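One structure is given below, encoded as structure tokens.
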Amino acid sequence: INKSEKRTKDIRIFDANYFKKFVSLAVPSILQQSSISIGTIMIQSSINACGIGVTAGYAAGIKLHNMVVGAFTALGNGVSNFAAQNIGANKLERVVEGRKSGIQMVWMLCIPIVLLYTLGAKSLIMLFIDNPTDLALRAGMYFLYICAPPYFLLSVKLVTDGVLRGAGMMKEFAFAATLDLILRVVLVKILAEPLGYIGIWMSWPLGWVLGTALSLMFYRKNFRVIV
């Protein structure tokens with residue numbers, strides 16, 4: 001057998017070990033994304049029950065919110081790749097320093113965004129609603145007032161989540177994200193009746209508190225030697 005034929009025979013079409021690794025990474029992420037979709041539907045139903053005005057205000061506010069979260073998530077993905085490379089090279093100190101630098105960068109982004117979203121909330125909401133009612137305008141503005149200041153907390157969570165993903169800690173990442181969402185759904189049901197849409201908006205930052213605490217706990221547990 002010549003060398004080319006031997007190399008062809010050595011190629012495995014299916015490798016069980018690699019398949020197990022893929023499953024261990026993919027399944028927690030799939031379950032987490034599925035829970036997010038279900039939770040979003042449940043929260044949306046509570047918002048719809050508040051009326052058309054609140055729904056319109058939320059639709060405008062969540063668009064602005066998602067733009068920011070997209071930027072935070074992109075930075076978190078960069079930290080994830082950085083962490084994976086340095087963990088593979090056994091340079092854990094660089095993972096810690098990379099996380100710190102990531103948080104500093106994202107906080108520099110948070111400062112102007114939080115100021116813009118709180119001081120310019122009315123103008124921003126009006127960009128997404130033609131001839132808004134007073135209720136729609138107030139609902140959208142209060143969404144930004146309540147959710148924008150805790151972006152400093154949310155950004156820490158998303159950067160830390162990037163390290164967890166880079167370290168292959170998908171179960172811990174999915175657990176923290178899922179509990180965050182579960183708490184948010186529960187809080188919506190509890191707070192919506194006495195506080196109306198204000199209570200629903202408050203469920204976002206309260207859920208982030210739990211999610212951030214869990215992410216930091218998992219991070220410190222696995223990097224405690226060098227933190």
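Chain identifiers are assigned as A, B, and so on, following the order in which chains appear in the structure tokens; residues are numbered from 1 within each chain, and ligands are numbered from 1 in order of appearance.
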Quiz item: Which residues come within 12 Å of Asp161 (chain A), counting only C-alpha atoms, excluding same-chain residues fewer than 3 positions away, as a ChimeraX atom specification?
Solution: /A:72-81,83,99,102-103,154-158,164-177,211-219
Restrict the selected residues to C-alpha atoms and save them as a PDB file, in the first residue's frame.
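result.pdb, written as the output of this step:
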```pdb
ATOM      1  CA  PHE A  72     -21.950  43.570  24.428  1.00  0.00           C
ATOM      2  CA  THR A  73     -22.416  40.042  23.085  1.00  0.00           C
ATOM      3  CA  ALA A  74     -19.969  40.656  20.232  1.00  0.00           C
ATOM      4  CA  LEU A  75     -17.318  41.738  22.725  1.00  0.00           C
ATOM      5  CA  GLY A  76     -18.143  38.717  24.871  1.00  0.00           C
ATOM      6  CA  ASN A  77     -17.609  36.460  21.847  1.00  0.00           C
ATOM      7  CA  GLY A  78     -14.212  38.040  21.318  1.00  0.00           C
ATOM      8  CA  VAL A  79     -13.295  37.364  24.947  1.00  0.00           C
ATOM      9  CA  SER A  80     -14.518  33.782  24.486  1.00  0.00           C
ATOM     10  CA  ASN A  81     -12.117  33.177  21.584  1.00  0.00           C
ATOM     11  CA  ALA A  83      -9.951  32.716  26.549  1.00  0.00           C
ATOM     12  CA  ARG A  99     -11.498  39.493  31.038  1.00  0.00           C
ATOM     13  CA  GLY A 102     -12.902  43.294  28.206  1.00  0.00           C
ATOM     14  CA  ILE A 103     -14.872  44.729  31.129  1.00  0.00           C
ATOM     15  CA  LEU A 154     -25.148  43.162  32.368  1.00  0.00           C
ATOM     16  CA  SER A 155     -21.894  43.820  30.515  1.00  0.00           C
ATOM     17  CA  VAL A 156     -19.900  42.151  33.311  1.00  0.00           C
ATOM     18  CA  LYS A 157     -22.147  39.105  32.982  1.00  0.00           C
ATOM     19  CA  LEU A 158     -21.768  38.862  29.210  1.00  0.00           C
ATOM     20  CA  LEU A 164     -17.067  30.401  30.580  1.00  0.00           C
ATOM     21  CA  ARG A 165     -17.822  29.489  26.965  1.00  0.00           C
ATOM     22  CA  GLY A 166     -14.159  29.745  26.024  1.00  0.00           C
ATOM     23  CA  ALA A 167     -13.306  27.401  28.886  1.00  0.00           C
ATOM     24  CA  GLY A 168     -15.875  24.883  27.619  1.00  0.00           C
ATOM     25  CA  MET A 169     -18.059  25.390  30.704  1.00  0.00           C
ATOM     26  CA  MET A 170     -21.274  25.266  28.719  1.00  0.00           C
ATOM     27  CA  LYS A 171     -23.335  23.607  31.459  1.00  0.00           C
ATOM     28  CA  GLU A 172     -22.473  26.371  33.925  1.00  0.00           C
ATOM     29  CA  PHE A 173     -23.107  29.061  31.303  1.00  0.00           C
ATOM     30  CA  ALA A 174     -26.481  27.593  30.342  1.00  0.00           C
ATOM     31  CA  PHE A 175     -27.453  27.121  34.004  1.00  0.00           C
ATOM     32  CA  ALA A 176     -26.742  30.768  34.865  1.00  0.00           C
ATOM     33  CA  ALA A 177     -28.551  32.079  31.780  1.00  0.00           C
ATOM     34  CA  GLY A 211     -27.358  35.785  36.299  1.00  0.00           C
ATOM     35  CA  THR A 212     -24.279  37.925  37.004  1.00  0.00           C
ATOM     36  CA  ALA A 213     -23.868  36.467  40.497  1.00  0.00           C
ATOM     37  CA  LEU A 214     -23.952  32.914  39.137  1.00  0.00           C
ATOM     38  CA  SER A 215     -21.554  33.687  36.282  1.00  0.00           C
ATOM     39  CA  LEU A 216     -19.074  35.292  38.682  1.00  0.00           C
ATOM     40  CA  MET A 217     -19.404  32.352  41.075  1.00  0.00           C
ATOM     41  CA  PHE A 218     -18.577  29.816  38.345  1.00  0.00           C
ATOM     42  CA  TYR A 219     -15.739  32.003  37.066  1.00  0.00           C
TER      43      TYR A 219
END
```
Practice problem: Just the residues within 12 Å of Leu191 (chain A), please, counting only C-alpha atoms, with nothing from its chain fewer than 3 positions along; format it as a PyMOL selection string. | Solution: chain A and resi 43+46-47+183-188+194-204+206
Please dump the current selection as a PDB file, in the first residue's frame; keep C-alpha atoms.
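Saved the output as out_14.pdb:
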```pdb
ATOM      1  CA  ILE A  43     -43.047  37.697  29.028  1.00  0.00           C
ATOM      2  CA  SER A  46     -47.818  39.659  30.009  1.00  0.00           C
ATOM      3  CA  ILE A  47     -46.808  42.788  28.113  1.00  0.00           C
ATOM      4  CA  LEU A 183     -36.393  34.492  37.682  1.00  0.00           C
ATOM      5  CA  ARG A 184     -37.379  37.156  35.170  1.00  0.00           C
ATOM      6  CA  VAL A 185     -40.513  35.253  34.145  1.00  0.00           C
ATOM      7  CA  VAL A 186     -41.472  34.657  37.788  1.00  0.00           C
ATOM      8  CA  LEU A 187     -40.920  38.321  38.662  1.00  0.00           C
ATOM      9  CA  VAL A 188     -43.060  39.413  35.710  1.00  0.00           C
ATOM     10  CA  PRO A 194     -49.291  45.555  41.641  1.00  0.00           C
ATOM     11  CA  LEU A 195     -46.943  47.691  39.513  1.00  0.00           C
ATOM     12  CA  GLY A 196     -48.201  47.230  35.951  1.00  0.00           C
ATOM     13  CA  TYR A 197     -45.681  47.575  33.148  1.00  0.00           C
ATOM     14  CA  ILE A 198     -43.161  49.176  35.542  1.00  0.00           C
ATOM     15  CA  GLY A 199     -42.995  45.857  37.399  1.00  0.00           C
ATOM     16  CA  ILE A 200     -42.429  44.008  34.136  1.00  0.00           C
ATOM     17  CA  TRP A 201     -39.556  46.304  33.193  1.00  0.00           C
ATOM     18  CA  MET A 202     -37.995  45.815  36.654  1.00  0.00           C
ATOM     19  CA  SER A 203     -37.746  42.075  36.044  1.00  0.00           C
ATOM     20  CA  TRP A 204     -34.917  42.644  33.534  1.00  0.00           C
ATOM     21  CA  LEU A 206     -33.388  41.914  38.801  1.00  0.00           C
TER      22      LEU A 206
END
```
Could you list, as an mmCIF file with all heavy atoms, in the first residue's frame, every residue within 12 Å of region 66-69 of chain A, counting only C-alpha atoms and ignoring same-chain residues fewer than 3 positions away?
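result.cif written:
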```cif
data_model
loop_
_atom_site.group_PDB
_atom_site.id
_atom_site.type_symbol
_atom_site.label_atom_id
_atom_site.label_comp_id
_atom_site.auth_asym_id
_atom_site.auth_seq_id
_atom_site.Cartn_x
_atom_site.Cartn_y
_atom_site.Cartn_z
ATOM 1 N N TYR A 58 -42.935 49.196 24.467
ATOM 2 C CA TYR A 58 -41.976 48.110 24.660
ATOM 3 C C TYR A 58 -41.272 47.769 23.349
ATOM 4 O O TYR A 58 -40.054 47.544 23.332
ATOM 5 C CB TYR A 58 -42.688 46.880 25.206
ATOM 6 C CG TYR A 58 -41.849 45.628 25.173
ATOM 7 C CD1 TYR A 58 -40.829 45.424 26.095
ATOM 8 C CD2 TYR A 58 -42.077 44.643 24.215
ATOM 9 C CE1 TYR A 58 -40.050 44.285 26.065
ATOM 10 C CE2 TYR A 58 -41.312 43.493 24.171
ATOM 11 C CZ TYR A 58 -40.301 43.312 25.100
ATOM 12 O OH TYR A 58 -39.531 42.173 25.056
ATOM 13 N N ALA A 59 -42.020 47.733 22.260
ATOM 14 C CA ALA A 59 -41.430 47.392 20.958
ATOM 15 C C ALA A 59 -40.325 48.372 20.595
ATOM 16 O O ALA A 59 -39.290 47.976 20.045
ATOM 17 C CB ALA A 59 -42.510 47.384 19.882
ATOM 18 N N ALA A 60 -40.536 49.658 20.912
ATOM 19 C CA ALA A 60 -39.502 50.661 20.632
ATOM 20 C C ALA A 60 -38.324 50.501 21.585
ATOM 21 O O ALA A 60 -37.155 50.524 21.168
ATOM 22 C CB ALA A 60 -40.097 52.062 20.756
ATOM 23 N N GLY A 61 -38.617 50.329 22.869
ATOM 24 C CA GLY A 61 -37.548 50.206 23.855
ATOM 25 C C GLY A 61 -36.689 48.973 23.665
ATOM 26 O O GLY A 61 -35.457 49.033 23.801
ATOM 27 N N ILE A 62 -37.312 47.856 23.314
ATOM 28 C CA ILE A 62 -36.551 46.618 23.170
ATOM 29 C C ILE A 62 -35.648 46.659 21.945
ATOM 30 O O ILE A 62 -34.586 46.025 21.920
ATOM 31 C CB ILE A 62 -37.503 45.391 23.109
ATOM 32 C CG1 ILE A 62 -36.741 44.096 23.445
ATOM 33 C CG2 ILE A 62 -38.174 45.280 21.766
ATOM 34 C CD1 ILE A 62 -36.240 44.025 24.852
ATOM 35 N N LYS A 63 -36.037 47.409 20.913
ATOM 36 C CA LYS A 63 -35.149 47.577 19.748
ATOM 37 C C LYS A 63 -33.859 48.280 20.160
ATOM 38 O O LYS A 63 -32.751 47.865 19.779
ATOM 39 C CB LYS A 63 -35.864 48.363 18.649
ATOM 40 C CG LYS A 63 -36.960 47.615 17.928
ATOM 41 C CD LYS A 63 -37.528 48.460 16.791
ATOM 42 C CE LYS A 63 -38.581 47.695 15.986
ATOM 43 N NZ LYS A 63 -39.831 47.523 16.735
ATOM 44 N N PHE A 72 -22.547 44.249 23.277
ATOM 45 C CA PHE A 72 -21.950 43.570 24.428
ATOM 46 C C PHE A 72 -21.649 42.109 24.107
ATOM 47 O O PHE A 72 -20.605 41.576 24.485
ATOM 48 C CB PHE A 72 -22.899 43.622 25.632
ATOM 49 C CG PHE A 72 -23.118 44.994 26.196
ATOM 50 C CD1 PHE A 72 -24.143 45.233 27.101
ATOM 51 C CD2 PHE A 72 -22.311 46.054 25.831
ATOM 52 C CE1 PHE A 72 -24.342 46.494 27.640
ATOM 53 C CE2 PHE A 72 -22.510 47.329 26.352
ATOM 54 C CZ PHE A 72 -23.538 47.542 27.262
ATOM 55 N N THR A 73 -22.588 41.462 23.422
ATOM 56 C CA THR A 73 -22.416 40.042 23.085
ATOM 57 C C THR A 73 -21.243 39.839 22.131
ATOM 58 O O THR A 73 -20.489 38.860 22.261
ATOM 59 C CB THR A 73 -23.708 39.490 22.466
ATOM 60 O OG1 THR A 73 -24.794 39.670 23.382
ATOM 61 C CG2 THR A 73 -23.568 38.013 22.149
ATOM 62 N N ALA A 74 -21.087 40.755 21.170
ATOM 63 C CA ALA A 74 -19.969 40.656 20.232
ATOM 64 C C ALA A 74 -18.641 40.738 20.973
ATOM 65 O O ALA A 74 -17.700 39.979 20.682
ATOM 66 C CB ALA A 74 -20.069 41.761 19.184
ATOM 67 N N LEU A 75 -18.544 41.637 21.947
ATOM 68 C CA LEU A 75 -17.318 41.738 22.725
ATOM 69 C C LEU A 75 -17.118 40.485 23.567
ATOM 70 O O LEU A 75 -15.998 39.986 23.707
ATOM 71 C CB LEU A 75 -17.361 42.978 23.606
ATOM 72 C CG LEU A 75 -16.010 43.418 24.183
ATOM 73 C CD1 LEU A 75 -15.960 44.942 24.308
ATOM 74 C CD2 LEU A 75 -15.745 42.791 25.543
ATOM 75 N N GLY A 76 -18.229 39.958 24.113
ATOM 76 C CA GLY A 76 -18.143 38.717 24.871
ATOM 77 C C GLY A 76 -17.654 37.553 24.020
ATOM 78 O O GLY A 76 -16.891 36.703 24.489
ATOM 79 N N VAL A 106 -15.937 47.440 27.671
ATOM 80 C CA VAL A 106 -17.393 47.478 27.573
ATOM 81 C C VAL A 106 -17.972 48.560 28.475
ATOM 82 O O VAL A 106 -18.996 49.165 28.160
ATOM 83 C CB VAL A 106 -17.994 46.085 27.876
ATOM 84 C CG1 VAL A 106 -18.066 45.816 29.363
ATOM 85 C CG2 VAL A 106 -19.365 45.930 27.236
ATOM 86 N N TRP A 107 -17.307 48.861 29.577
ATOM 87 C CA TRP A 107 -17.764 49.956 30.431
ATOM 88 C C TRP A 107 -17.550 51.314 29.754
ATOM 89 O O TRP A 107 -18.347 52.234 29.949
ATOM 90 C CB TRP A 107 -17.057 49.909 31.779
ATOM 91 C CG TRP A 107 -17.720 48.954 32.737
ATOM 92 C CD1 TRP A 107 -18.790 48.141 32.466
ATOM 93 C CD2 TRP A 107 -17.376 48.705 34.104
ATOM 94 N NE1 TRP A 107 -19.125 47.382 33.570
ATOM 95 C CE2 TRP A 107 -18.279 47.710 34.594
ATOM 96 C CE3 TRP A 107 -16.403 49.194 34.952
ATOM 97 C CZ2 TRP A 107 -18.221 47.232 35.894
ATOM 98 C CZ3 TRP A 107 -16.337 48.712 36.258
ATOM 99 C CH2 TRP A 107 -17.234 47.748 36.721
ATOM 100 N N LEU A 109 -17.952 51.740 26.707
ATOM 101 C CA LEU A 109 -19.099 51.794 25.802
ATOM 102 C C LEU A 109 -20.378 52.095 26.580
ATOM 103 O O LEU A 109 -21.269 52.805 26.074
ATOM 104 C CB LEU A 109 -19.223 50.461 25.062
ATOM 105 C CG LEU A 109 -20.385 50.309 24.068
ATOM 106 C CD1 LEU A 109 -20.235 51.315 22.932
ATOM 107 C CD2 LEU A 109 -20.421 48.888 23.513
ATOM 108 N N CYS A 110 -20.472 51.590 27.806
ATOM 109 C CA CYS A 110 -21.682 51.780 28.613
ATOM 110 C C CYS A 110 -21.915 53.248 28.966
ATOM 111 O O CYS A 110 -23.068 53.707 28.988
ATOM 112 C CB CYS A 110 -21.590 50.973 29.905
ATOM 113 S SG CYS A 110 -21.918 49.214 29.728
ATOM 114 N N ILE A 111 -20.862 53.964 29.279
ATOM 115 C CA ILE A 111 -21.013 55.336 29.773
ATOM 116 C C ILE A 111 -21.814 56.216 28.811
ATOM 117 O O ILE A 111 -22.832 56.798 29.204
ATOM 118 C CB ILE A 111 -19.635 55.953 30.091
ATOM 119 C CG1 ILE A 111 -19.001 55.229 31.284
ATOM 120 C CG2 ILE A 111 -19.767 57.451 30.397
ATOM 121 C CD1 ILE A 111 -17.562 55.624 31.549
ATOM 122 N N PRO A 112 -21.405 56.331 27.532
ATOM 123 C CA PRO A 112 -22.202 57.182 26.639
ATOM 124 C C PRO A 112 -23.589 56.618 26.348
ATOM 125 O O PRO A 112 -24.549 57.381 26.179
ATOM 126 C CB PRO A 112 -21.353 57.254 25.361
ATOM 127 C CG PRO A 112 -20.477 56.057 25.403
ATOM 128 C CD PRO A 112 -20.210 55.810 26.846
ATOM 129 N N ILE A 113 -23.709 55.288 26.303
ATOM 130 C CA ILE A 113 -25.008 54.683 26.002
ATOM 131 C C ILE A 113 -26.000 54.938 27.134
ATOM 132 O O ILE A 113 -27.152 55.308 26.897
ATOM 133 C CB ILE A 113 -24.859 53.173 25.742
ATOM 134 C CG1 ILE A 113 -24.175 52.940 24.399
ATOM 135 C CG2 ILE A 113 -26.225 52.480 25.757
ATOM 136 C CD1 ILE A 113 -23.874 51.498 24.095
ATOM 137 N N VAL A 114 -25.560 54.744 28.371
ATOM 138 C CA VAL A 114 -26.450 54.969 29.512
ATOM 139 C C VAL A 114 -26.874 56.435 29.572
ATOM 140 O O VAL A 114 -28.051 56.748 29.807
ATOM 141 C CB VAL A 114 -25.769 54.544 30.825
ATOM 142 C CG1 VAL A 114 -26.590 54.993 32.034
ATOM 143 C CG2 VAL A 114 -25.582 53.025 30.861
ATOM 144 N N LEU A 116 -27.036 58.524 27.038
ATOM 145 C CA LEU A 116 -27.922 58.772 25.901
ATOM 146 C C LEU A 116 -29.306 58.199 26.142
ATOM 147 O O LEU A 116 -30.328 58.865 25.885
ATOM 148 C CB LEU A 116 -27.322 58.160 24.630
ATOM 149 C CG LEU A 116 -28.151 58.286 23.344
ATOM 150 C CD1 LEU A 116 -28.313 59.750 22.961
ATOM 151 C CD2 LEU A 116 -27.494 57.506 22.210
ATOM 152 N N TYR A 117 -29.362 56.973 26.662
ATOM 153 C CA TYR A 117 -30.648 56.300 26.846
ATOM 154 C C TYR A 117 -31.470 56.894 27.985
ATOM 155 O O TYR A 117 -32.700 56.777 27.972
ATOM 156 C CB TYR A 117 -30.427 54.805 27.101
ATOM 157 C CG TYR A 117 -30.242 53.986 25.841
ATOM 158 C CD1 TYR A 117 -29.820 54.585 24.659
ATOM 159 C CD2 TYR A 117 -30.480 52.617 25.811
ATOM 160 C CE1 TYR A 117 -29.637 53.846 23.506
ATOM 161 C CE2 TYR A 117 -30.304 51.860 24.665
ATOM 162 C CZ TYR A 117 -29.878 52.488 23.520
ATOM 163 O OH TYR A 117 -29.712 51.748 22.365
ATOM 164 N N LEU A 144 -36.332 52.291 29.196
ATOM 165 C CA LEU A 144 -34.930 52.720 29.112
ATOM 166 C C LEU A 144 -34.426 53.215 30.460
ATOM 167 O O LEU A 144 -33.285 52.931 30.837
ATOM 168 C CB LEU A 144 -34.779 53.807 28.060
ATOM 169 C CG LEU A 144 -35.076 53.398 26.611
ATOM 170 C CD1 LEU A 144 -34.849 54.573 25.667
ATOM 171 C CD2 LEU A 144 -34.223 52.210 26.182
ATOM 172 N N CYS A 147 -33.864 49.928 32.541
ATOM 173 C CA CYS A 147 -32.937 48.912 32.028
ATOM 174 C C CYS A 147 -31.558 49.450 31.644
ATOM 175 O O CYS A 147 -30.583 48.693 31.646
ATOM 176 C CB CYS A 147 -33.554 48.202 30.821
ATOM 177 S SG CYS A 147 -34.985 47.177 31.227
ATOM 178 N N ALA A 148 -31.447 50.733 31.303
ATOM 179 C CA ALA A 148 -30.158 51.250 30.828
ATOM 180 C C ALA A 148 -29.093 51.356 31.926
ATOM 181 O O ALA A 148 -27.963 50.888 31.713
ATOM 182 C CB ALA A 148 -30.354 52.596 30.135
ATOM 183 N N PRO A 150 -28.421 49.611 34.604
ATOM 184 C CA PRO A 150 -27.784 48.332 34.954
ATOM 185 C C PRO A 150 -26.984 47.694 33.810
ATOM 186 O O PRO A 150 -26.539 46.552 33.958
ATOM 187 C CB PRO A 150 -28.974 47.425 35.336
ATOM 188 C CG PRO A 150 -30.107 48.337 35.595
ATOM 189 C CD PRO A 150 -29.895 49.491 34.675
ATOM 190 N N TYR A 151 -26.809 48.402 32.695
ATOM 191 C CA TYR A 151 -25.977 47.856 31.623
ATOM 192 C C TYR A 151 -24.550 47.582 32.105
ATOM 193 O O TYR A 151 -23.866 46.707 31.569
ATOM 194 C CB TYR A 151 -25.932 48.811 30.425
ATOM 195 C CG TYR A 151 -27.158 48.780 29.552
ATOM 196 C CD1 TYR A 151 -27.437 49.833 28.670
ATOM 197 C CD2 TYR A 151 -28.046 47.709 29.579
ATOM 198 C CE1 TYR A 151 -28.566 49.809 27.856
ATOM 199 C CE2 TYR A 151 -29.171 47.685 28.777
ATOM 200 C CZ TYR A 151 -29.424 48.741 27.920
ATOM 201 O OH TYR A 151 -30.534 48.724 27.111
ATOM 202 N N PHE A 152 -24.098 48.344 33.105
ATOM 203 C CA PHE A 152 -22.763 48.084 33.657
ATOM 204 C C PHE A 152 -22.709 46.684 34.267
ATOM 205 O O PHE A 152 -21.695 45.984 34.148
ATOM 206 C CB PHE A 152 -22.427 49.135 34.717
ATOM 207 C CG PHE A 152 -22.221 50.514 34.168
ATOM 208 C CD1 PHE A 152 -23.252 51.434 34.156
ATOM 209 C CD2 PHE A 152 -20.990 50.877 33.638
ATOM 210 C CE1 PHE A 152 -23.066 52.712 33.639
ATOM 211 C CE2 PHE A 152 -20.796 52.153 33.116
ATOM 212 C CZ PHE A 152 -21.827 53.067 33.114
ATOM 213 N N LEU A 153 -23.791 46.271 34.908
ATOM 214 C CA LEU A 153 -23.875 44.927 35.483
ATOM 215 C C LEU A 153 -24.024 43.872 34.392
ATOM 216 O O LEU A 153 -23.328 42.847 34.398
ATOM 217 C CB LEU A 153 -25.055 44.853 36.444
ATOM 218 C CG LEU A 153 -25.304 43.505 37.135
ATOM 219 C CD1 LEU A 153 -24.178 43.193 38.112
ATOM 220 C CD2 LEU A 153 -26.647 43.521 37.867
ATOM 221 N N LEU A 154 -24.917 44.115 33.446
ATOM 222 C CA LEU A 154 -25.148 43.162 32.368
ATOM 223 C C LEU A 154 -23.879 42.922 31.560
ATOM 224 O O LEU A 154 -23.594 41.789 31.155
ATOM 225 C CB LEU A 154 -26.266 43.682 31.457
ATOM 226 C CG LEU A 154 -26.566 42.855 30.203
ATOM 227 C CD1 LEU A 154 -27.047 41.464 30.575
ATOM 228 C CD2 LEU A 154 -27.599 43.560 29.329
ATOM 229 N N SER A 155 -23.109 43.971 31.316
ATOM 230 C CA SER A 155 -21.894 43.820 30.515
ATOM 231 C C SER A 155 -20.866 42.940 31.217
ATOM 232 O O SER A 155 -20.161 42.165 30.574
ATOM 233 C CB SER A 155 -21.297 45.197 30.206
ATOM 234 O OG SER A 155 -20.967 45.888 31.398
ATOM 235 N N VAL A 156 -20.797 43.037 32.559
ATOM 236 C CA VAL A 156 -19.900 42.151 33.311
ATOM 237 C C VAL A 156 -20.323 40.699 33.130
ATOM 238 O O VAL A 156 -19.489 39.803 32.933
ATOM 239 C CB VAL A 156 -19.898 42.529 34.807
ATOM 240 C CG1 VAL A 156 -19.147 41.474 35.630
ATOM 241 C CG2 VAL A 156 -19.268 43.891 35.007
ATOM 242 N N LYS A 157 -21.630 40.463 33.173
ATOM 243 C CA LYS A 157 -22.147 39.105 32.982
ATOM 244 C C LYS A 157 -21.781 38.554 31.603
ATOM 245 O O LYS A 157 -21.317 37.417 31.482
ATOM 246 C CB LYS A 157 -23.668 39.086 33.151
ATOM 247 C CG LYS A 157 -24.298 37.714 32.893
ATOM 248 C CD LYS A 157 -25.796 37.789 32.902
ATOM 249 C CE LYS A 157 -26.417 36.408 32.725
ATOM 250 N NZ LYS A 157 -25.955 35.708 31.507
ATOM 251 N N LEU A 158 -21.995 39.360 30.565
ATOM 252 C CA LEU A 158 -21.768 38.862 29.210
ATOM 253 C C LEU A 158 -20.291 38.622 28.923
ATOM 254 O O LEU A 158 -19.929 37.676 28.217
ATOM 255 C CB LEU A 158 -22.356 39.850 28.200
ATOM 256 C CG LEU A 158 -23.888 39.978 28.235
ATOM 257 C CD1 LEU A 158 -24.380 41.012 27.251
ATOM 258 C CD2 LEU A 158 -24.552 38.629 27.959
ATOM 259 N N VAL A 159 -19.418 39.460 29.475
ATOM 260 C CA VAL A 159 -17.979 39.237 29.307
ATOM 261 C C VAL A 159 -17.547 37.991 30.075
ATOM 262 O O VAL A 159 -16.771 37.171 29.569
ATOM 263 C CB VAL A 159 -17.181 40.470 29.767
ATOM 264 C CG1 VAL A 159 -15.675 40.161 29.794
ATOM 265 C CG2 VAL A 159 -17.447 41.650 28.836
#
```
Quiz item: In Å, with one decimal, what is the gap from CA of Leu127 (chain A) to CA of Ala49 (chain A)?
Solution: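 Answer for the CA of Leu127 (chain A) to CA of Ala49 (chain A) separation: 24.3 Å.
Shortest atom-to-atom contact with Gly207 (chain A) among A:Leu181, A:Lys91, A:Gly57, A:Ala192: A:Leu181, counting only C-alpha atoms.
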